[in-house]
Structure formats: structure tokens, C-alpha cells
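Peer 1: Pasting run_33.cif here (mmCIF, C-alpha atoms):
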```cif
data_work
#
loop_
_atom_site.label_atom_id
_atom_site.label_comp_id
_atom_site.auth_asym_id
_atom_site.auth_seq_id
_atom_site.Cartn_x
_atom_site.Cartn_y
_atom_site.Cartn_z
CA MET A 8 -48.65 -2.68 -2.50
CA PHE A 9 -46.19 -0.05 -1.36
CA ALA A 10 -44.53 -0.63 2.01
CA GLU A 11 -46.09 1.09 4.98
CA GLN A 12 -42.57 2.11 6.02
CA ALA A 13 -42.47 4.40 2.99
CA LEU A 14 -45.12 6.64 4.56
CA LEU A 15 -43.42 6.59 7.93
CA GLY A 16 -40.08 7.55 6.44
CA SER A 17 -40.74 9.72 3.39
CA ARG A 18 -41.72 13.34 3.90
CA ALA A 19 -42.10 13.72 0.13
CA LEU A 20 -44.60 10.85 -0.04
CA ARG A 21 -46.54 12.24 2.93
CA ALA A 22 -46.66 15.64 1.20
CA ALA A 23 -47.98 14.05 -1.97
CA LEU A 24 -50.80 12.33 -0.08
CA CYS A 25 -51.76 14.97 2.49
CA ALA A 26 -54.76 16.14 0.46
CA ARG A 27 -56.52 12.79 1.04
CA ARG A 28 -58.17 13.99 4.28
CA ASP A 29 -61.30 11.98 3.46
CA VAL A 30 -59.41 8.82 4.44
CA LEU A 31 -59.50 9.86 8.10
CA ASP A 32 -63.30 9.75 8.22
CA GLU A 33 -63.38 6.54 6.18
CA VAL A 34 -61.41 4.83 8.95
CA LYS A 35 -62.95 6.63 11.94
CA ARG A 36 -64.82 9.92 12.16
CA LEU A 37 -62.39 12.72 13.07
CA PRO A 38 -63.93 14.95 15.76
CA LEU A 39 -63.55 18.65 15.00
CA LEU A 40 -64.20 21.69 17.14
CA PRO A 41 -67.25 23.90 16.48
CA ASP A 42 -65.39 25.89 13.81
CA ARG A 43 -65.18 22.58 11.88
CA GLU A 44 -61.59 23.41 10.90
CA HIS A 45 -59.55 22.49 13.99
CA THR A 46 -58.96 19.88 16.65
CA THR A 47 -56.68 19.64 19.68
CA ALA A 48 -53.91 17.29 20.81
CA SER A 49 -56.14 15.62 23.41
CA ILE A 50 -58.87 15.02 20.81
CA LEU A 51 -56.30 13.61 18.38
CA ALA A 52 -54.78 11.37 21.06
CA ASP A 53 -58.26 9.92 21.66
CA TYR A 54 -58.86 9.59 17.92
CA PHE A 55 -55.58 7.75 17.33
CA GLU A 56 -55.92 5.83 20.62
CA VAL A 57 -52.47 6.89 21.84
CA ASP A 58 -51.18 8.65 24.92
CA THR A 59 -50.94 12.44 24.66
CA VAL A 60 -47.26 12.22 25.66
CA LEU A 61 -46.54 10.13 22.55
CA LEU A 62 -48.53 12.52 20.37
CA HIS A 63 -46.65 15.54 21.74
CA ARG A 64 -43.33 13.76 21.15
CA VAL A 65 -44.19 13.21 17.48
CA VAL A 66 -45.37 16.82 17.17
CA ARG A 67 -42.08 18.11 18.58
CA ARG A 68 -40.02 15.82 16.34
CA HIS A 69 -41.90 16.84 13.18
CA ALA A 70 -42.95 20.39 14.08
CA GLY A 71 -41.80 21.95 10.81
CA GLU A 72 -43.64 19.46 8.63
CA LEU A 73 -46.77 19.75 10.78
CA ARG A 74 -46.68 23.56 10.71
CA SER A 75 -46.51 23.47 6.92
CA ASN A 76 -49.69 21.36 7.04
CA GLY A 77 -51.74 23.61 9.33
CA TYR A 78 -50.51 23.04 12.89
CA ARG A 79 -50.45 26.26 14.91
CA GLN A 80 -49.70 27.29 18.47
CA LEU A 81 -52.10 29.95 19.69
CA ARG A 82 -51.22 32.56 22.31
CA GLY A 83 -52.64 35.76 23.76
CA GLY A 84 -55.61 37.35 22.04
CA GLU A 85 -55.64 34.78 19.26
CA LEU A 86 -55.95 32.04 21.89
CA ARG A 87 -58.72 33.88 23.76
CA ASP A 88 -60.68 34.38 20.53
CA PHE A 89 -60.22 30.76 19.55
CA LEU A 90 -61.41 29.51 22.94
CA THR A 91 -64.44 31.81 22.84
CA VAL A 92 -65.56 30.31 19.54
CA ASN A 93 -64.53 26.68 20.00
CA LEU A 94 -64.31 25.92 23.70
CA PRO A 95 -66.48 28.44 25.55
CA GLY A 96 -65.90 28.40 29.29
CA ARG A 97 -62.65 26.46 28.96
CA ARG A 98 -59.29 27.81 29.92
CA THR A 99 -56.00 26.27 28.91
CA ALA A 100 -53.57 24.93 31.46
CA GLY A 101 -51.04 27.48 30.18
CA ARG A 102 -50.83 30.38 27.83
CA LEU A 103 -50.47 28.23 24.73
CA LEU A 104 -52.70 25.82 22.80
CA GLY A 105 -51.66 23.73 19.82
CA VAL A 106 -54.39 23.32 17.21
CA PHE A 107 -54.46 20.92 14.29
CA THR A 108 -56.32 20.86 10.98
CA PRO A 109 -57.61 17.66 9.35
CA GLN A 110 -54.61 17.82 7.02
CA THR A 111 -52.29 17.94 10.03
CA ALA A 112 -54.14 14.96 11.50
CA LEU A 113 -53.58 13.03 8.27
CA VAL A 114 -49.84 13.76 8.39
CA LEU A 115 -49.82 12.57 12.01
CA ALA A 116 -51.50 9.35 10.87
CA MET A 117 -48.59 8.85 8.49
CA LEU A 118 -46.11 9.44 11.36
CA LEU A 119 -47.64 7.57 14.33
CA ALA A 120 -46.13 4.11 14.11
CA ASP A 121 -47.76 2.81 17.32
CA SER A 122 -51.43 3.59 16.59
CA GLY A 123 -53.88 1.03 15.25
CA VAL A 124 -56.06 3.81 13.82
CA ALA A 125 -53.06 5.45 12.13
CA HIS A 126 -52.07 2.04 10.75
CA ALA A 127 -55.56 1.64 9.23
CA VAL A 128 -55.30 5.14 7.68
CA ARG A 129 -51.89 4.30 6.17
CA LEU A 130 -53.23 1.04 4.73
CA ARG A 131 -56.16 2.90 3.17
CA LEU A 132 -53.81 5.50 1.68
CA LEU A 133 -51.48 2.82 0.34
CA GLY A 134 -54.40 0.88 -1.13
CA ALA A 135 -55.49 3.99 -3.01
CA LEU A 136 -51.93 4.59 -4.15
CA ALA A 137 -51.63 1.03 -5.48
CA ALA A 138 -54.92 1.16 -7.40
CA PRO A 139 -54.34 1.51 -11.14
CA GLY A 140 -54.62 5.13 -12.23
CA ALA A 141 -55.57 6.31 -8.74
CA ALA A 142 -52.27 7.71 -7.54
CA ALA A 143 -51.16 11.22 -8.09
CA PRO A 144 -48.00 11.39 -10.18
CA ALA A 145 -46.25 13.25 -7.34
CA ALA A 146 -46.98 10.37 -4.96
CA ARG A 147 -45.54 7.82 -7.36
CA ARG A 148 -42.43 9.97 -7.93
CA ALA A 149 -41.93 10.28 -4.15
CA LEU A 150 -41.37 6.54 -3.96
#
```
Is it possible to give me this structure as C-alpha cells?
Peer 2:
Amino acid sequence: MFAEQALLGSRALRAALCARRDVLDEVKRLPLLPDREHTTASILADYFEVDTVLLHRVVRRHAGELRSNGYRQLRGGELRDFLTVNLPGRRTAGRLLGVFTPQTALVLAMLLADSGVAHAVRLRLLGALAAPGAAAPAARRAL
């Protein structure tokens, strides 16, 4: 089986596996907002059973990679519209809200070294990668 450290350290390998969003629900059901396309940092921190401070630190450190996988920061009218649909009656603490897609959550699972849930997701991904004929050629090349 491939080393778990490969997922933690290889952006190319994470990119090759980021379509396997189904693995998140196989490990633990990922809660989504009413639009069924997004989640928030606080929801993800609960999902991964980590402190929101740790989650935000990882988001800051890997912002570019996460943005390329669906992470967005909403402001102004876009934020108001988003809150109306997904969190009616809720206001943000500031004028900004970071939202994540399931694909972004999967990338976070491959980056969060101190989460038991993320560890289980990585093991499931690596198990699929090690299965004969199951791995995408891009994932194998990334190793």
C-alpha cells in the first residue's frame, strides 16, 4: 500500500484523486448546506473533528490548491444571496464567508494530518489506489 505521507505531501497525487468525493460519505456522511453543493469551515471542523483554528490554518497554507478545487470567499451581494438560500436568518460575524465544496473537503482530508476522520479517508483512498486496476493512471504517475 502507498504511504499515507504521499497524500499529505504530494499536490499532484491529491489532484489525481480529488474526484473520489464518494469516499467522504463512505467514511462519515458529509453535511452539506441546503444547496447541496457547499459547506462551511465550522461544519467541516465538526466533520473532521478538529478545531476551527487548525482548519483555518490549513486553509491559509493551501489556499491556492483549495481555490482550484472549489473553495471560495463570499462577500457583499454574493454573500447575502448565499445566506438567503443556505442559512436564512443567519448573519456572518464579518463581511466574508469561506465556503467549501465536497471536492474541497476531500482535498482537506488529504491535508489534515491530525484528524482521525481525515486519516480514515486517506486510508480508503490509498486502499482504492492499491487495488489492481482501480487507480487512475494519473494517480499512479503522481507517485
Peer 1: Check the smallest atom-to-atom distance from each of A:Leu132, A:Ile50, A:Leu115, A:Leu86 to A:Arg74 using only C-alpha atoms, then report the winner.
Peer 2: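 Looking at the shortest contact to A:Arg74, the residue is A:Leu115.
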Peer 1: With only C-alpha atoms as the counted atoms, please give the residues lying no more than 10 Å from A:Val34, apart from itself and same-chain residues fewer than 3 positions off, as a list in words.
Peer 2: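 Result of the neighbour search: Asp29, Val30, Leu31, Leu37, Val124, Ala125, His126, Ala127, Val128, Arg129, Leu130 and Arg131 of chain A.
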Peer 1: Let me make sure I understand: among A:Ala10, A:Leu113, A:Val65, A:Leu94, which one has the smallest atom-to-atom distance to A:Lys35 if we use only C-alpha atoms?
Peer 2: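 For A:Lys35, the nearest of the candidates is A:Leu113.
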Peer 1: Could you check how far atom CA of A:Glu33 sits from atom CA of A:Arg64, in Å to one decimal?
Peer 2: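 Between atom CA of A:Glu33 and atom CA of A:Arg64 the gap is 26.0 Å.
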Peer 1: What separation in Å, quoted to one decimal, exists between atom CA of A:Leu15 and atom CA of A:Leu119?
Peer 2: 7.7 Å
Peer 1: Do a neighbour search on A:Asn76 at 12 Å with only C-alpha atoms, toss out local chain neighbours closer than 3 positions, and write the hits as JSON, numbers by chain.
Peer 2: {"A": [18, 21, 22, 23, 24, 25, 26, 28, 66, 69, 70, 71, 72, 73, 79, 106, 107, 108, 109, 110, 111, 112, 113, 114, 115]}
Peer 1: Using all atoms listed in the file, pick whichever of A:Ser122, A:Gly134, A:Arg87, A:Leu81 has the shortest atom-to-atom distance to A:Thr59.
Peer 2: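 Ranked by minimum distance to A:Thr59, first place goes to A:Ser122.
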Peer 1: Give me, please, the distance in Å between atom CA of A:Gly83 and atom CA of A:Arg102, quoted to one decimal.
Peer 2: 7.0 Å
